[in-house]
Amino acid sequence: MARFYRESGALVFFEPNNLKHSEKLEEAIRLCHVLKYAGAETKKDIAEDNTDEFIKRIKSYCPPLVIKTLGKYGLLYRFAGDTKWKYQKGVKPDEIFDSCGAGDWCTASFIFYINELAQQNNLKLLDILKHNEFIRQSFSFAQILASISLRFVGARGLSNSMTKEDLFKNYQSYFNGSCETIFFTGRSKQKSKRMEVYNTKIKHKSAGCSTCLLNDKS
């Protein structure tokens, strides 16, 4: 499927769940235009000259753009042919209830924004990958939406609680330097959902979902 759509001119985005070497993994990387994977959530990985055994391994067939996420520390990225990583600082959330789905929000928002930029600048989607400034803008948008998603319980918490218009209002609020305002149009049931998750944790005396960071009733 990836080969068919690549040959049809589509952008192929690949996000493997592990980096263990295999013929299938190599084939998928060769077919993709953007590769995104999770790195260790440590400060030492921020260094631009940080060595990466995985990158060394795929050097001969590295895709046009590689993204290495570092959790709260942000992300690293590099274009094909780069000898060093470029660093994009993370967006600090105002509060965290659940990190489940934040990575998916980052991915989906990044793809959405590069498509928007391609249309606005009359460029083909694949050509956007050649422009560092457009990529940085797209990361910024994606990181803000991923940060907003941390305020909601469950991978679909944000999408179930906000309209598209509300989400863009909140993005603009973050972009302007305020992470305190949350706009709703009456669609949110998150308060009761947060209480439900909290009460379930208390009842079973467990942390529940491993990604859930909910630790109070607020």
# chains A, B, ... in the order shown; residues from 1 in each chain; ligands from 1
$ residues_around --residues "Lys130 (chain A)" --least-positions-apart "4" --cutoff "9 Å" --atoms "only C-alpha atoms" --output "JSON, numbers by chain"
{"A": [64, 65, 79, 126, 134, 135]}
$ write_last_selection --atoms "N, CA, C and O atoms" --output "PDB file, in the first residue's frame"
ATOM      1  N   PRO A  64      13.759  11.643   3.484  1.00  0.00           N
ATOM      2  CA  PRO A  64      13.972  13.097   3.435  1.00  0.00           C
ATOM      3  C   PRO A  64      13.919  13.792   4.791  1.00  0.00           C
ATOM      4  O   PRO A  64      14.623  14.769   5.017  1.00  0.00           O
ATOM      5  N   LEU A  65      13.067  13.302   5.702  1.00  0.00           N
ATOM      6  CA  LEU A  65      12.951  13.922   7.019  1.00  0.00           C
ATOM      7  C   LEU A  65      12.831  12.845   8.092  1.00  0.00           C
ATOM      8  O   LEU A  65      12.008  11.937   7.979  1.00  0.00           O
ATOM      9  N   PHE A  79      17.315  16.435   8.051  1.00  0.00           N
ATOM     10  CA  PHE A  79      16.997  16.177   6.657  1.00  0.00           C
ATOM     11  C   PHE A  79      18.022  15.190   6.102  1.00  0.00           C
ATOM     12  O   PHE A  79      19.122  15.054   6.637  1.00  0.00           O
ATOM     13  N   LEU A 126       5.326  17.377  -1.009  1.00  0.00           N
ATOM     14  CA  LEU A 126       6.672  16.828  -0.833  1.00  0.00           C
ATOM     15  C   LEU A 126       7.737  17.922  -0.852  1.00  0.00           C
ATOM     16  O   LEU A 126       8.799  17.770  -0.243  1.00  0.00           O
ATOM     17  N   PHE A 134       9.404  26.070   7.176  1.00  0.00           N
ATOM     18  CA  PHE A 134       8.059  25.493   7.139  1.00  0.00           C
ATOM     19  C   PHE A 134       7.962  24.288   8.085  1.00  0.00           C
ATOM     20  O   PHE A 134       6.939  24.079   8.739  1.00  0.00           O
ATOM     21  N   ILE A 135       9.024  23.506   8.142  1.00  0.00           N
ATOM     22  CA  ILE A 135       9.034  22.344   9.029  1.00  0.00           C
ATOM     23  C   ILE A 135       8.992  22.801  10.487  1.00  0.00           C
ATOM     24  O   ILE A 135       8.248  22.245  11.308  1.00  0.00           O
TER      25      ILE A 135
END
$ select_by_dssp --residues "region 8-198 of chain A" --states "alpha helix (DSSP H)" --output "number ranges by chain"
A: 23-31, 53-57, 102-120, 125-128, 132-149, 157-161, 164-175, 190-198
$ atom_distance --atom1 "CA of Gln137 (chain A)" --atom2 "CA of Asp82 (chain A)"
19.4 Å
$ residues_around --residues "region 8-15 of chain A" --least-positions-apart "2" --cutoff "9 Å" --atoms "only C-alpha atoms" --output "VMD selection string"
chain A and resid 2 to 6 17 to 18 28 to 29 31 to 38 107 111 125 to 126
$ residues_around --residues "Lys72 (chain A)" --least-positions-apart "4" --cutoff "12 Å" --atoms "only C-alpha atoms" --output "PyMOL selection string"
chain A and resi 38-43+46+88-93+96+99+102-103+143-144+146-147+150
$ write_last_selection --atoms "N, CA, C and O atoms" --output "CSV table (one decimal), in the first residue's frame"
chain,number,residue,atom,x,y,z
A,38,ALA,N,10.5,7.5,18.7
A,38,ALA,CA,10.7,8.0,20.0
A,38,ALA,C,12.1,7.7,20.5
A,38,ALA,O,12.6,6.6,20.4
A,39,GLY,N,12.7,8.8,21.0
A,39,GLY,CA,14.0,8.6,21.6
A,39,GLY,C,13.9,8.6,23.1
A,39,GLY,O,12.8,8.6,23.6
A,40,ALA,N,15.0,8.5,23.8
A,40,ALA,CA,15.0,8.5,25.2
A,40,ALA,C,14.7,9.9,25.7
A,40,ALA,O,15.1,10.9,25.2
A,41,GLU,N,13.8,10.0,26.8
A,41,GLU,CA,13.4,11.3,27.3
A,41,GLU,C,14.5,11.8,28.3
A,41,GLU,O,14.3,11.9,29.5
A,42,THR,N,15.6,12.2,27.7
A,42,THR,CA,16.8,12.7,28.5
A,42,THR,C,17.4,13.9,27.9
A,42,THR,O,17.4,14.1,26.7
A,43,LYS,N,18.0,14.7,28.7
A,43,LYS,CA,18.6,16.0,28.2
A,43,LYS,C,19.8,15.7,27.3
A,43,LYS,O,20.1,16.5,26.4
A,46,ILE,N,19.6,15.9,23.6
A,46,ILE,CA,19.3,17.2,22.9
A,46,ILE,C,20.5,17.7,22.1
A,46,ILE,O,20.3,18.4,21.1
A,88,GLN,N,14.2,21.2,18.3
A,88,GLN,CA,13.0,22.0,18.5
A,88,GLN,C,12.6,21.8,19.9
A,88,GLN,O,12.2,20.7,20.4
A,89,LYS,N,12.6,22.9,20.7
A,89,LYS,CA,12.2,22.9,22.1
A,89,LYS,C,10.8,22.5,22.3
A,89,LYS,O,9.9,22.8,21.5
A,90,GLY,N,10.5,21.8,23.4
A,90,GLY,CA,9.1,21.3,23.7
A,90,GLY,C,8.3,22.5,24.2
A,90,GLY,O,8.7,23.5,24.5
A,91,VAL,N,6.9,22.2,24.2
A,91,VAL,CA,6.0,23.2,24.7
A,91,VAL,C,5.5,22.7,26.1
A,91,VAL,O,5.0,21.6,26.2
A,92,LYS,N,5.7,23.5,27.1
A,92,LYS,CA,5.4,23.1,28.4
A,92,LYS,C,3.9,23.3,28.7
A,92,LYS,O,3.3,24.4,28.5
A,93,PRO,N,3.2,22.2,29.0
A,93,PRO,CA,1.7,22.3,29.3
A,93,PRO,C,1.4,23.0,30.6
A,93,PRO,O,2.2,23.0,31.5
A,96,ILE,N,-1.4,18.7,33.4
A,96,ILE,CA,-1.4,17.4,32.7
A,96,ILE,C,-2.4,16.5,33.4
A,96,ILE,O,-2.3,16.3,34.6
A,99,SER,N,-1.3,11.7,29.3
A,99,SER,CA,-0.5,11.8,28.1
A,99,SER,C,-0.8,10.9,27.0
A,99,SER,O,-0.2,10.9,25.9
A,102,ALA,N,-0.9,11.8,23.0
A,102,ALA,CA,-0.2,13.1,22.7
A,102,ALA,C,0.7,12.9,21.5
A,102,ALA,O,0.8,13.8,20.7
A,103,GLY,N,1.3,11.8,21.4
A,103,GLY,CA,2.2,11.5,20.2
A,103,GLY,C,1.4,11.5,18.9
A,103,GLY,O,1.8,12.0,17.9
A,143,GLN,N,3.3,20.6,18.3
A,143,GLN,CA,3.6,20.5,19.7
A,143,GLN,C,2.6,21.3,20.6
A,143,GLN,O,2.3,20.8,21.7
A,144,ILE,N,2.1,22.4,20.1
A,144,ILE,CA,1.1,23.1,20.9
A,144,ILE,C,-0.2,22.2,21.0
A,144,ILE,O,-0.8,22.1,22.1
A,146,ALA,N,-0.5,19.0,20.8
A,146,ALA,CA,-0.1,17.9,21.6
A,146,ALA,C,-0.2,18.3,23.1
A,146,ALA,O,-0.6,17.5,24.0
A,147,SER,N,0.3,19.5,23.4
A,147,SER,CA,0.4,20.0,24.7
A,147,SER,C,-1.1,20.2,25.3
A,147,SER,O,-1.4,19.9,26.4
A,150,LEU,N,-2.9,17.1,26.5
A,150,LEU,CA,-2.5,16.6,27.8
A,150,LEU,C,-3.5,17.0,28.9
A,150,LEU,O,-3.6,16.4,30.0
$ closest_residue --among "A:Lys164, A:Asn170, A:Val66, A:Arg151" --to "Leu129 (chain A)" --atoms "only C-alpha atoms"
A:Val66
$ atom_distance --atom1 "CA of Ser140 (chain A)" --atom2 "CA of Phe97 (chain A)"
21.4 Å
$ residues_around --residues "region 53-59 of chain A" --least-positions-apart "2" --cutoff "8 Å" --atoms "only C-alpha atoms" --output "VMD selection string"
chain A and resid 19 26 51 61 to 62
$ closest_residue --among "A:Phe168, A:Phe152, A:Phe175, A:Tyr113" --to "Arg136 (chain A)" --atoms "only C-alpha atoms"
A:Tyr113
$ closest_residue --among "A:Glu23, A:Tyr87, A:Ala142, A:Met1" --to "Phe110 (chain A)" --atoms "only C-alpha atoms"
A:Ala142
$ atom_distance --atom1 "CA of Asn115 (chain A)" --atom2 "CA of Cys100 (chain A)"
25.0 Å
$ select_by_dssp --residues "region 58-97 of chain A" --states "strand (DSSP E)" --output "list in words"
Leu65, Val66, Ile67, Lys68, Thr69, Leu75, Leu76, Tyr77, Arg78, Phe79, Lys86, Tyr87 and Gln88 of chain A
